[in-house]
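Engineer: Have a look at this one.
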Amino acid sequence: MPTVDFTLRWADGTEQRCQSPSTAIERFLAEGATYPHEELLRRADDGLAAASRRVVEVYGMACTAASAQRDAIRASVRPGPVTVTRLHRTPRRVRFPAPPRLDGHHEVVVIGGGQAGLAVSHGLLERGVDHVVLERDRVLHNWRDARWDAFSLVTPNWQCHLPGHPYRGDDPDGFMVKDEILAYVEPYAHGKPVYEGVTVHAVKPGFTIETSHGTLTADQVVLAVGGYHVPRVPYPALGGLHSDRYRNPDALPDGPVLVVGTGQSGAQIAEDLHLAGREVHLAVGTAPRVARFYRGRDCVAWLHDMGHYDMPVTEHPQGKGARHEANHYVTGRGGGHDLDLRAFAREGMHLHGRLTHVQDGTLHFAGDLEANLDAADATMERIKDAIDRHIAAHGLDAPTEPRYVPVWRPPTDGSGTLDASAVSTIVWATGFRSDWSFVHVPDAFDADGHPEHLRGVTDEPGLYFVGLPWLHTWGSGRFAGIARDAEHLAGVIGARAARPQAA
Ligand SMILES: Cc1cc2nc3c(=O)[nH]c(=O)nc-3n(C[C@H](O)[C@H](O)[C@H](O)COP(=O)(O)OP(=O)(O)OC[C@H]3O[C@@H](n4cnc5c(N)ncnc54)[C@H](O)[C@@H]3O)c2cc1C
């Protein structure tokens, strides 16, 4: 059973390292959250009691570690706010143990054991290309540890077709929840040369790969480290937690919650909190939205038929600019539905304009709320227009459907202020930035430091990217397109490996 390490920072600055014998504690404490000390004690008591009950269920005997930990926390209590500075599952590395030391040479080193790294490994195994996959945490770390409890795919299950590993469940039009995603992808790692718990610190031309477990050399390197590296927290002094640390409504301190950002994560987390009856403030940004279903089908299915998932980035009207656009918000939760922020507002959610700045503990919002809601709706309706045209052009028989009519209009422009003390927590759903500083190969990046490549193949011979949003098509950073990209790269790598190298 995975344990959870967590660190408390008491009001006087002292830090206390703690451990829960089960993940049950995650329902009571959130990393980054600050609780009044009385609430922290109550939550720690309840969380450790729940963890202890879980141990009894699994092992049939009581857990003394949980009660000892509870006593230790009570003995250390300091009055005032307490912050959970770290809350992290202790990885179980039973399946793919890290070797005591890594050295020697491989034809290919794949960095990252997410779906992209595993998909490339599949293609290399098929071609008999010698390689290893290095994963700093556990395989599928981000699906397991960086998504909230109620997470479900936004994309339908039929789009999950990893090379040699299609979705075989009985709900192709449904949306897998977190555990189902892991159950689908985890078996894919078996039989692949994966080392878990190995962090790559540097990739140098040639290639030299410096890791936490030694230095390797390779003829070719695949960077499969995903596109979401460093959580963006614009005002860290305000505390709170980034969306990748958000788990569930119960783990947040009592009181109103401010969610900043309405991309995929922000809109879904706001809904998660709203459904749990929490008072939610939402800073609405400029992300577009899409309807879940239209004219009898999932919009993703229509867009697939219309060729949107086949369009290469080179043909996209925005070109490479598409790589930096926010995703359309919608959800797969409970079988899938629209995320209508106006409906949330009608039900009591407080909508604000975009967060512009913070001064002396006061959050300031722009007067763009109505414009942002209108723009998101307009995108949704434009997509429906395109679907209508597709249906008409192909003479398809599809039920008609009335168009969206706004169910609420903001009484103000959404500008104004909110004192940070008016909310107990801020959830920063403000995206991620890339960090490629460990890749010391300048030719692989453009002047702005963004990966420079054609379908993942860089100007540095033998160096590749995979799994990035719009690497090649819309689905490149998702399940939908990873098979095509990984197969392409495996082919390029295999051909290069087969070529006699210059002496
Ligand atoms: C909130 C959210 C919702 C999403 N929803 C969907 C969805 O509905 N449908 C869909 O298809 N996609 C979705 N995605 C996108 C995408 O499928 C995931 O981001 C997916 O995890 C990408 O897989 P990957 O293998 O490219 O990268 P990752 O899963 O990020 O894997 C990269 C791996 O590299 C490891 N790593 C990083 N640096 C190093 C290093 N220096 N050394 C060793 N290892 C390293 C990491 O630990 C990680 O395990 C979503 C993404 C997010 C953030």
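If you're wondering about the labels, chains in the structure tokens are A, B, ... by order shown, residues count from 1 in each chain, ligands from 1 in order shown.
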For stretch 285-292 of chain A, work out the shell of residues within 6 Å, counting only C-alpha atoms and skipping chain neighbours fewer than 2 positions away, then give it as a list in words.
Structural biologist: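 Listed by chain and then number, they are Gly261, Thr262, Gly263, Asp298, Cys299, Ala326, His328, Tyr329, His337, Asp338, Arg354, Asn372, Ala376 and Met380 of chain A.
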Engineer: DSSP says strand (DSSP E) for which residues of stretch 362-426 of chain A? Put them as number ranges by chain?
Structural biologist: A: 362-365, 416-419, 425-426
Engineer: Take the residues from that selection and write them out as an mmCIF file, in the first residue's frame, keeping N, CA and C atoms.
Structural biologist:
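Written output follows (out29.cif):
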data_model
loop_
_atom_site.group_PDB
_atom_site.id
_atom_site.type_symbol
_atom_site.label_atom_id
_atom_site.label_comp_id
_atom_site.auth_asym_id
_atom_site.auth_seq_id
_atom_site.Cartn_x
_atom_site.Cartn_y
_atom_site.Cartn_z
ATOM 1 N N THR A 362 -4.804 42.244 -2.168
ATOM 2 C CA THR A 362 -6.095 42.376 -2.845
ATOM 3 C C THR A 362 -5.953 41.932 -4.295
ATOM 4 N N LEU A 363 -6.875 41.077 -4.728
ATOM 5 C CA LEU A 363 -6.848 40.573 -6.103
ATOM 6 C C LEU A 363 -7.680 41.513 -6.974
ATOM 7 N N HIS A 364 -7.139 41.873 -8.126
ATOM 8 C CA HIS A 364 -7.841 42.782 -9.038
ATOM 9 C C HIS A 364 -8.221 42.023 -10.307
ATOM 10 N N PHE A 365 -9.462 42.216 -10.742
ATOM 11 C CA PHE A 365 -9.957 41.507 -11.928
ATOM 12 C C PHE A 365 -10.282 42.497 -13.041
ATOM 13 N N GLY A 416 -13.235 44.468 -10.603
ATOM 14 C CA GLY A 416 -13.407 44.669 -9.170
ATOM 15 C C GLY A 416 -12.286 44.001 -8.419
ATOM 16 N N THR A 417 -12.476 43.909 -7.131
ATOM 17 C CA THR A 417 -11.411 43.376 -6.293
ATOM 18 C C THR A 417 -11.972 42.325 -5.349
ATOM 19 N N LEU A 418 -11.074 41.531 -4.832
ATOM 20 C CA LEU A 418 -11.437 40.538 -3.825
ATOM 21 C C LEU A 418 -10.271 40.474 -2.852
ATOM 22 N N ASP A 419 -10.584 40.659 -1.588
ATOM 23 C CA ASP A 419 -9.518 40.556 -0.597
ATOM 24 C C ASP A 419 -9.120 39.097 -0.475
ATOM 25 N N THR A 425 -8.754 29.391 0.178
ATOM 26 C CA THR A 425 -7.761 28.762 -0.706
ATOM 27 C C THR A 425 -7.854 29.354 -2.092
ATOM 28 N N ILE A 426 -6.714 29.427 -2.751
ATOM 29 C CA ILE A 426 -6.704 29.772 -4.172
ATOM 30 C C ILE A 426 -6.189 28.549 -4.925
#
Engineer: Applying 10 Å and only C-alpha atoms, which residues near A:Gly13 remain after dropping the ones on its own chain fewer than 2 positions away? List them as a list in words.
Structural biologist: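 Once the nearby chain positions are removed, what remains is Leu8, Arg9, Trp10, Ala11, Glu15, Gln16, Arg78, Val82 and Thr83 of chain A.
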Engineer: Those residues with N, CA and C atoms, as an mmCIF file, in the first residue's frame please?
Structural biologist:
data_model
loop_
_atom_site.group_PDB
_atom_site.id
_atom_site.type_symbol
_atom_site.label_atom_id
_atom_site.label_comp_id
_atom_site.auth_asym_id
_atom_site.auth_seq_id
_atom_site.Cartn_x
_atom_site.Cartn_y
_atom_site.Cartn_z
ATOM 1 N N LEU A 8 4.427 19.647 7.429
ATOM 2 C CA LEU A 8 3.628 20.770 7.945
ATOM 3 C C LEU A 8 4.569 21.915 8.302
ATOM 4 N N ARG A 9 4.213 23.125 7.893
ATOM 5 C CA ARG A 9 4.968 24.287 8.358
ATOM 6 C C ARG A 9 4.078 25.063 9.322
ATOM 7 N N TRP A 10 4.475 25.033 10.596
ATOM 8 C CA TRP A 10 3.685 25.692 11.627
ATOM 9 C C TRP A 10 3.893 27.203 11.560
ATOM 10 N N ALA A 11 3.048 27.939 12.281
ATOM 11 C CA ALA A 11 3.054 29.411 12.194
ATOM 12 C C ALA A 11 4.403 30.010 12.564
ATOM 13 N N GLU A 15 9.182 23.217 10.714
ATOM 14 C CA GLU A 15 8.615 22.241 9.790
ATOM 15 C C GLU A 15 8.572 20.881 10.458
ATOM 16 N N GLN A 16 7.542 20.141 10.198
ATOM 17 C CA GLN A 16 7.405 18.804 10.776
ATOM 18 C C GLN A 16 7.131 17.817 9.653
ATOM 19 N N ARG A 78 1.449 24.513 17.021
ATOM 20 C CA ARG A 78 1.709 25.922 17.327
ATOM 21 C C ARG A 78 0.467 26.681 16.872
ATOM 22 N N VAL A 82 -1.341 26.864 9.505
ATOM 23 C CA VAL A 82 -0.390 25.771 9.210
ATOM 24 C C VAL A 82 -0.477 25.453 7.724
ATOM 25 N N THR A 83 0.672 25.383 7.072
ATOM 26 C CA THR A 83 0.667 25.074 5.640
ATOM 27 C C THR A 83 1.212 23.667 5.409
#
Engineer: I'd like the contact shell of A:Leu258 - 10 Å cut-off, only C-alpha atoms, skipping same-chain residues fewer than 3 positions apart - returned as a PyMOL selection string.
Structural biologist: chain A and resi 240+261+270+279-283+350-352+418+420+422-428
Engineer: Would you export the selected residues with N, CA and C atoms as a PDB file, in the first residue's frame, please?
Structural biologist:
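The resulting file, again32.pdb, is reproduced below:
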ATOM      1  N   GLY A 240      -1.871  28.921  -1.569  1.00  0.00           N
ATOM      2  CA  GLY A 240      -2.787  28.154  -2.410  1.00  0.00           C
ATOM      3  C   GLY A 240      -2.059  27.033  -3.110  1.00  0.00           C
ATOM      4  N   GLY A 261      -8.501  30.841 -13.538  1.00  0.00           N
ATOM      5  CA  GLY A 261      -8.278  30.235 -14.846  1.00  0.00           C
ATOM      6  C   GLY A 261      -9.419  29.318 -15.228  1.00  0.00           C
ATOM      7  N   ALA A 270     -13.472  23.965 -10.925  1.00  0.00           N
ATOM      8  CA  ALA A 270     -14.547  24.833 -10.419  1.00  0.00           C
ATOM      9  C   ALA A 270     -15.843  24.029 -10.318  1.00  0.00           C
ATOM     10  N   GLU A 279     -18.474  27.187  -1.799  1.00  0.00           N
ATOM     11  CA  GLU A 279     -18.637  28.527  -2.369  1.00  0.00           C
ATOM     12  C   GLU A 279     -17.426  28.798  -3.252  1.00  0.00           C
ATOM     13  N   VAL A 280     -17.674  29.092  -4.520  1.00  0.00           N
ATOM     14  CA  VAL A 280     -16.570  29.211  -5.481  1.00  0.00           C
ATOM     15  C   VAL A 280     -16.551  30.599  -6.117  1.00  0.00           C
ATOM     16  N   HIS A 281     -15.369  31.204  -6.145  1.00  0.00           N
ATOM     17  CA  HIS A 281     -15.108  32.381  -6.972  1.00  0.00           C
ATOM     18  C   HIS A 281     -14.282  31.884  -8.157  1.00  0.00           C
ATOM     19  N   LEU A 282     -14.600  32.358  -9.338  1.00  0.00           N
ATOM     20  CA  LEU A 282     -13.873  31.887 -10.523  1.00  0.00           C
ATOM     21  C   LEU A 282     -13.419  33.083 -11.346  1.00  0.00           C
ATOM     22  N   ALA A 283     -12.101  33.185 -11.549  1.00  0.00           N
ATOM     23  CA  ALA A 283     -11.557  34.220 -12.435  1.00  0.00           C
ATOM     24  C   ALA A 283     -11.575  33.657 -13.853  1.00  0.00           C
ATOM     25  N   HIS A 350     -19.505  32.701  -8.034  1.00  0.00           N
ATOM     26  CA  HIS A 350     -19.155  34.106  -8.266  1.00  0.00           C
ATOM     27  C   HIS A 350     -18.155  34.180  -9.424  1.00  0.00           C
ATOM     28  N   LEU A 351     -18.564  34.751 -10.540  1.00  0.00           N
ATOM     29  CA  LEU A 351     -17.661  34.874 -11.681  1.00  0.00           C
ATOM     30  C   LEU A 351     -17.021  36.258 -11.703  1.00  0.00           C
ATOM     31  N   HIS A 352     -15.718  36.281 -11.948  1.00  0.00           N
ATOM     32  CA  HIS A 352     -14.968  37.538 -12.072  1.00  0.00           C
ATOM     33  C   HIS A 352     -14.306  37.555 -13.441  1.00  0.00           C
ATOM     34  N   LEU A 418     -11.074  41.531  -4.832  1.00  0.00           N
ATOM     35  CA  LEU A 418     -11.437  40.538  -3.825  1.00  0.00           C
ATOM     36  C   LEU A 418     -10.271  40.474  -2.852  1.00  0.00           C
ATOM     37  N   ALA A 420      -7.824  38.820  -0.526  1.00  0.00           N
ATOM     38  CA  ALA A 420      -7.378  37.422  -0.471  1.00  0.00           C
ATOM     39  C   ALA A 420      -7.886  36.739   0.796  1.00  0.00           C
ATOM     40  N   ALA A 422     -10.708  36.853   1.931  1.00  0.00           N
ATOM     41  CA  ALA A 422     -12.117  36.465   1.786  1.00  0.00           C
ATOM     42  C   ALA A 422     -12.263  35.023   1.312  1.00  0.00           C
ATOM     43  N   VAL A 423     -11.155  34.435   0.880  1.00  0.00           N
ATOM     44  CA  VAL A 423     -11.212  33.022   0.464  1.00  0.00           C
ATOM     45  C   VAL A 423     -10.223  32.224   1.303  1.00  0.00           C
ATOM     46  N   SER A 424     -10.536  30.959   1.507  1.00  0.00           N
ATOM     47  CA  SER A 424      -9.631  30.144   2.320  1.00  0.00           C
ATOM     48  C   SER A 424      -8.518  29.546   1.466  1.00  0.00           C
ATOM     49  N   THR A 425      -8.754  29.391   0.178  1.00  0.00           N
ATOM     50  CA  THR A 425      -7.761  28.762  -0.706  1.00  0.00           C
ATOM     51  C   THR A 425      -7.854  29.354  -2.092  1.00  0.00           C
ATOM     52  N   ILE A 426      -6.714  29.427  -2.751  1.00  0.00           N
ATOM     53  CA  ILE A 426      -6.704  29.772  -4.172  1.00  0.00           C
ATOM     54  C   ILE A 426      -6.189  28.549  -4.925  1.00  0.00           C
ATOM     55  N   VAL A 427      -6.935  28.124  -5.938  1.00  0.00           N
ATOM     56  CA  VAL A 427      -6.457  27.048  -6.814  1.00  0.00           C
ATOM     57  C   VAL A 427      -5.983  27.728  -8.099  1.00  0.00           C
ATOM     58  N   TRP A 428      -4.693  27.598  -8.361  1.00  0.00           N
ATOM     59  CA  TRP A 428      -4.100  28.242  -9.541  1.00  0.00           C
ATOM     60  C   TRP A 428      -4.225  27.292 -10.730  1.00  0.00           C
TER      61      TRP A 428
END
Engineer: Given the choices A:Leu252, A:Ala375, A:Val466, A:Ala447, which gets closest to A:Asp485 if the distance is worked out from only C-alpha atoms?
Structural biologist: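 Of A:Leu252, A:Ala375, A:Val466, A:Ala447, the one nearest A:Asp485 is A:Val466, counting only C-alpha atoms.
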